[in-house]
file final07.txt (compact mmCIF, C-alpha atoms)
# COMPACT_ATOMS: atom_id res chain seq x y z
CA LEU V 10 96.59 96.87 116.13
CA LEU V 11 98.81 99.34 114.30
CA ILE V 12 101.42 96.60 113.97
CA ARG V 13 99.19 94.59 111.62
CA ALA V 14 98.51 97.63 109.44
CA ALA V 15 101.97 99.19 109.37
CA VAL V 16 104.50 96.36 109.57
CA PRO V 17 105.08 94.00 106.65
CA PRO V 18 105.71 90.29 107.20
CA GLU V 19 109.23 90.69 105.83
CA SER V 20 112.84 90.39 106.97
CA GLY V 21 114.40 93.24 108.92
CA VAL V 22 115.42 94.83 112.19
CA PHE V 23 113.22 96.65 114.67
CA GLY V 24 113.29 98.64 117.87
CA LEU V 25 110.83 99.43 120.63
CA TYR V 26 111.13 102.63 122.58
CA ALA V 27 109.55 104.42 125.50
CA CYS V 28 109.75 108.19 126.01
CA ARG V 29 112.70 108.92 123.67
CA ALA V 30 114.77 105.97 124.95
CA GLN V 31 115.37 102.83 122.89
CA VAL V 32 114.56 99.87 125.09
CA PHE V 33 114.69 96.87 122.78
CA ILE V 34 116.44 96.18 119.47
CA ALA V 35 116.18 92.87 117.58
CA GLU V 36 116.01 91.24 114.17
CA SER V 37 113.52 88.87 112.60
CA ALA V 38 112.70 86.99 109.42
CA ASN V 39 109.12 88.25 109.88
CA LEU V 40 108.87 91.71 111.44
CA ARG V 41 105.09 91.60 111.90
CA THR V 42 105.12 88.26 113.71
CA ALA V 43 108.00 89.31 115.97
CA LEU V 44 106.35 92.61 116.95
CA LEU V 45 102.98 90.95 117.57
CA ARG V 46 104.72 88.34 119.75
CA LEU V 47 106.46 91.09 121.72
CA HIS V 48 103.20 92.99 122.11
CA VAL V 49 101.82 89.95 123.91
CA ASP V 50 105.00 89.16 125.89
CA MET V 51 106.41 92.63 126.61
CA PHE V 52 106.03 92.43 130.41
CA ARG V 53 108.25 89.35 130.41
CA PHE V 54 111.04 91.39 128.79
CA GLY V 55 111.12 94.01 131.53
CA PHE V 56 109.18 96.92 130.06
CA ASP V 57 105.51 97.55 130.25
CA HIS V 58 104.25 100.05 127.74
CA PRO V 59 106.54 101.02 124.88
CA THR V 60 105.36 104.26 123.33
CA GLY V 61 106.33 103.24 119.82
CA PHE V 62 108.32 101.10 117.48
CA THR V 63 110.45 101.46 114.41
CA PHE V 64 111.60 98.99 111.79
CA GLU V 65 113.89 98.73 108.81
CA LEU V 66 113.57 96.15 106.06
CA CYS V 67 116.78 94.31 105.22
CA PRO V 68 117.63 91.00 103.56
CA ALA V 69 118.07 87.93 105.73
CA ALA V 70 121.76 87.76 104.88
CA SER V 71 122.45 91.17 106.42
CA ARG V 72 120.00 91.23 109.37
CA VAL V 73 122.43 90.22 112.11
CA LYS V 74 125.11 92.60 110.78
CA ARG V 75 122.59 95.47 110.76
CA LEU V 76 121.41 94.52 114.25
CA LYS V 77 124.98 94.70 115.55
CA GLU V 78 125.43 98.12 113.90
CA LEU V 79 122.28 99.41 115.61
CA LEU V 80 123.35 97.97 118.95
CA MET V 81 126.69 99.76 118.63
CA GLU V 82 124.93 103.03 117.71
CA HIS V 83 122.83 102.70 120.85
CA GLU V 84 125.80 101.56 122.95
CA THR V 85 124.32 98.16 123.65
CA GLY V 86 126.41 95.00 123.60
CA CYS V 87 125.26 92.00 121.62
CA ASP V 88 126.23 89.14 123.85
CA GLU V 89 124.65 86.95 126.49
CA GLN V 90 125.03 89.50 129.29
CA TRP V 91 122.16 91.60 127.77
CA PRO V 92 118.90 89.82 128.61
CA ASN V 93 116.77 92.23 126.59
CA ILE V 94 118.32 91.21 123.25
CA VAL V 95 116.38 88.40 121.64
CA LEU V 96 117.12 87.16 118.14
CA TYR V 97 114.00 85.85 116.44
CA GLY V 98 114.45 84.05 113.18

call {"tool": "encode", "arguments": {"input": "final07.txt", "output": "structure tokens"}}
result
Amino acid sequence: LLIRAAVPPESGVFGLYACRAQVFIAESANLRTALLRLHVDMFRFGFDHPTGFTFELCPAASRVKRLKELLMEHETGCDEQWPNIVLYG
């Protein structure tokens, strides 16, 4: 999988997208593990074949803050009403 080759097992934020639309944004202490887990479970989260992913390394202390910034940029709320936001950590 490209995830194993391209994504480090480090702290950061990531997004999955399909056709030019961001469909999932989250944070994790281990980006590689989180993306591999999502690769296996993606149908459960309501999308079936993301066309790509992106990630940004950031320290653990600033991950949630950066996640909230990204959610605001993509006009997505970060509260319990959004079932597609999962915080791994």

call {"tool": "residues_around", "arguments": {"input": "final07.txt", "residues": "V:Gly24", "least_positions_apart": "4", "cutoff": "9 Å", "atoms": "only C-alpha atoms", "output": "list of chain:residue names"}}
result
V:Gln31, V:Val32, V:Phe33, V:Ile34, V:Ala35, V:Glu36, V:Gly61, V:Phe62, V:Thr63, V:Phe64

call {"tool": "closest_residue", "arguments": {"input": "final07.txt", "among": "V:Leu80, V:Leu11, V:Leu25, V:Cys67", "to": "V:Ser37", "atoms": "all atoms listed in the file"}}
result
V:Cys67

call {"tool": "atom_distance", "arguments": {"input": "final07.txt", "atom1": "atom CA of V:Leu45", "atom2": "atom CA of V:Val73"}}
result
20.2 Å

call {"tool": "atom_distance", "arguments": {"input": "final07.txt", "atom1": "atom CA of V:Asn39", "atom2": "atom CA of V:Pro17"}}
result
7.7 Å

call {"tool": "atom_distance", "arguments": {"input": "final07.txt", "atom1": "atom CA of V:Tyr26", "atom2": "atom CA of V:Thr60"}}
result
6.0 Å

call {"tool": "residues_around", "arguments": {"input": "final07.txt", "residues": "V:Thr42", "least_positions_apart": "2", "cutoff": "12 Å", "atoms": "only C-alpha atoms", "output": "PDB file with C-alpha atoms, in the coordinates of the input"}}
result
ATOM      1  CA  ILE V  12     101.420  96.600 113.970  1.00  0.00           C
ATOM      2  CA  ARG V  13      99.190  94.590 111.620  1.00  0.00           C
ATOM      3  CA  VAL V  16     104.500  96.360 109.570  1.00  0.00           C
ATOM      4  CA  PRO V  17     105.080  94.000 106.650  1.00  0.00           C
ATOM      5  CA  PRO V  18     105.710  90.290 107.200  1.00  0.00           C
ATOM      6  CA  GLU V  19     109.230  90.690 105.830  1.00  0.00           C
ATOM      7  CA  SER V  20     112.840  90.390 106.970  1.00  0.00           C
ATOM      8  CA  GLY V  21     114.400  93.240 108.920  1.00  0.00           C
ATOM      9  CA  PHE V  23     113.220  96.650 114.670  1.00  0.00           C
ATOM     10  CA  GLU V  36     116.010  91.240 114.170  1.00  0.00           C
ATOM     11  CA  SER V  37     113.520  88.870 112.600  1.00  0.00           C
ATOM     12  CA  ALA V  38     112.700  86.990 109.420  1.00  0.00           C
ATOM     13  CA  ASN V  39     109.120  88.250 109.880  1.00  0.00           C
ATOM     14  CA  LEU V  40     108.870  91.710 111.440  1.00  0.00           C
ATOM     15  CA  LEU V  44     106.350  92.610 116.950  1.00  0.00           C
ATOM     16  CA  LEU V  45     102.980  90.950 117.570  1.00  0.00           C
ATOM     17  CA  ARG V  46     104.720  88.340 119.750  1.00  0.00           C
ATOM     18  CA  LEU V  47     106.460  91.090 121.720  1.00  0.00           C
ATOM     19  CA  HIS V  48     103.200  92.990 122.110  1.00  0.00           C
ATOM     20  CA  VAL V  49     101.820  89.950 123.910  1.00  0.00           C
ATOM     21  CA  TYR V  97     114.000  85.850 116.440  1.00  0.00           C
ATOM     22  CA  GLY V  98     114.450  84.050 113.180  1.00  0.00           C
TER      23      GLY V  98
END

call {"tool": "closest_residue", "arguments": {"input": "final07.txt", "among": "V:Ala43, V:Met81, V:Ala70, V:Leu76", "to": "V:Val22", "atoms": "only C-alpha atoms"}}
result
V:Leu76

call {"tool": "axis_aligned_box", "arguments": {"input": "final07.txt", "around": "stretch 42-51 of chain V", "padding_each_side": "8 Å", "output": "AutoDock Vina command-line options"}}
result
--center_x 104.9 --center_y 90.6 --center_z 120.2 --size_x 22.2 --size_y 20.7 --size_z 28.9

call {"tool": "decode", "arguments": {"input": "final07.txt", "residues": "stretch 20-51 of chain V", "atoms": "N, CA, C and O atoms", "output": "compact mmCIF listing (two decimals), in the first residue's frame"}}
result
# COMPACT_ATOMS: atom_id res chain seq x y z
N SER V 20 3.15 11.93 14.57
CA SER V 20 2.00 12.75 14.95
C SER V 20 1.62 13.73 13.85
O SER V 20 2.50 14.31 13.20
N GLY V 21 0.31 13.92 13.65
CA GLY V 21 -0.12 14.90 12.66
C GLY V 21 -1.61 14.88 12.39
O GLY V 21 -2.38 14.26 13.12
N VAL V 22 -1.99 15.57 11.34
CA VAL V 22 -3.38 15.63 10.89
C VAL V 22 -3.43 15.07 9.47
O VAL V 22 -2.43 15.07 8.76
N PHE V 23 -4.61 14.59 9.08
CA PHE V 23 -4.72 14.03 7.73
C PHE V 23 -6.12 14.23 7.19
O PHE V 23 -7.06 14.50 7.92
N GLY V 24 -6.24 14.09 5.89
CA GLY V 24 -7.53 14.18 5.23
C GLY V 24 -7.63 13.16 4.12
O GLY V 24 -6.63 12.82 3.48
N LEU V 25 -8.81 12.65 3.92
CA LEU V 25 -9.11 11.78 2.78
C LEU V 25 -10.02 12.56 1.86
O LEU V 25 -10.84 13.35 2.31
N TYR V 26 -9.88 12.36 0.58
CA TYR V 26 -10.75 13.07 -0.35
C TYR V 26 -11.14 12.17 -1.51
O TYR V 26 -10.51 11.15 -1.77
N ALA V 27 -12.21 12.55 -2.16
CA ALA V 27 -12.72 11.84 -3.33
C ALA V 27 -13.11 12.88 -4.35
O ALA V 27 -13.81 13.82 -4.04
N CYS V 28 -12.65 12.77 -5.53
CA CYS V 28 -12.92 13.72 -6.63
C CYS V 28 -12.69 15.16 -6.21
O CYS V 28 -12.94 15.63 -6.01
N ARG V 29 -11.93 15.76 -5.78
CA ARG V 29 -11.75 17.16 -5.39
C ARG V 29 -12.54 17.58 -4.15
O ARG V 29 -12.58 18.75 -3.83
N ALA V 30 -13.20 16.69 -3.46
CA ALA V 30 -13.96 17.06 -2.27
C ALA V 30 -13.36 16.37 -1.05
O ALA V 30 -13.15 15.17 -1.06
N GLN V 31 -13.06 17.15 -0.03
CA GLN V 31 -12.55 16.59 1.22
C GLN V 31 -13.69 15.84 1.90
O GLN V 31 -14.78 16.39 2.04
N VAL V 32 -13.48 14.60 2.27
CA VAL V 32 -14.57 13.85 2.88
C VAL V 32 -14.30 13.44 4.31
O VAL V 32 -15.20 13.01 5.01
N PHE V 33 -13.08 13.57 4.77
CA PHE V 33 -12.75 13.12 6.12
C PHE V 33 -11.49 13.84 6.58
O PHE V 33 -10.48 13.84 5.87
N ILE V 34 -11.54 14.45 7.75
CA ILE V 34 -10.38 15.14 8.31
C ILE V 34 -10.24 14.67 9.76
O ILE V 34 -11.24 14.64 10.48
N ALA V 35 -9.03 14.30 10.18
CA ALA V 35 -8.83 13.81 11.54
C ALA V 35 -7.39 14.06 11.98
O ALA V 35 -6.58 14.55 11.20
N GLU V 36 -7.11 13.67 13.21
CA GLU V 36 -5.76 13.80 13.75
C GLU V 36 -5.37 12.47 14.40
O GLU V 36 -6.23 11.67 14.74
N SER V 37 -4.06 12.26 14.53
CA SER V 37 -3.61 11.01 15.13
C SER V 37 -2.19 11.14 15.66
O SER V 37 -1.38 11.90 15.12
N ALA V 38 -1.89 10.37 16.69
CA ALA V 38 -0.53 10.28 17.20
C ALA V 38 0.34 9.49 16.24
O ALA V 38 1.56 9.66 16.21
N ASN V 39 -0.28 8.64 15.42
CA ASN V 39 0.45 7.82 14.46
C ASN V 39 -0.32 7.85 13.13
O ASN V 39 -1.30 7.12 12.96
N LEU V 40 0.11 8.71 12.23
CA LEU V 40 -0.59 8.89 10.95
C LEU V 40 -0.71 7.58 10.17
O LEU V 40 -1.77 7.27 9.62
N ARG V 41 0.37 6.83 10.09
CA ARG V 41 0.35 5.59 9.30
C ARG V 41 -0.69 4.62 9.84
O ARG V 41 -1.51 4.07 9.09
N THR V 42 -0.68 4.40 11.15
CA THR V 42 -1.64 3.47 11.75
C THR V 42 -3.08 3.94 11.51
O THR V 42 -3.95 3.13 11.17
N ALA V 43 -3.33 5.23 11.70
CA ALA V 43 -4.69 5.75 11.51
C ALA V 43 -5.16 5.57 10.06
O ALA V 43 -6.29 5.13 9.82
N LEU V 44 -4.30 5.87 9.09
CA LEU V 44 -4.70 5.74 7.69
C LEU V 44 -4.87 4.27 7.30
O LEU V 44 -5.79 3.93 6.54
N LEU V 45 -4.02 3.40 7.80
CA LEU V 45 -4.20 1.97 7.52
C LEU V 45 -5.50 1.45 8.12
O LEU V 45 -6.21 0.68 7.50
N ARG V 46 -5.84 1.91 9.32
CA ARG V 46 -7.09 1.52 9.97
C ARG V 46 -8.28 1.99 9.14
O ARG V 46 -9.24 1.25 8.91
N LEU V 47 -8.21 3.23 8.67
CA LEU V 47 -9.30 3.77 7.84
C LEU V 47 -9.41 3.03 6.51
O LEU V 47 -10.51 2.82 6.00
N HIS V 48 -8.28 2.65 5.95
CA HIS V 48 -8.30 1.90 4.69
C HIS V 48 -9.14 0.63 4.85
O HIS V 48 -9.92 0.27 3.98
N VAL V 49 -9.00 -0.01 5.99
CA VAL V 49 -9.75 -1.23 6.26
C VAL V 49 -11.21 -0.92 6.58
O VAL V 49 -12.12 -1.62 6.14
N ASP V 50 -11.46 0.17 7.32
CA ASP V 50 -12.81 0.47 7.82
C ASP V 50 -13.56 1.53 7.05
O ASP V 50 -14.60 1.99 7.50
N MET V 51 -13.08 1.97 5.88
CA MET V 51 -13.67 3.14 5.24
C MET V 51 -15.15 3.00 4.90
O MET V 51 -15.88 3.98 4.95
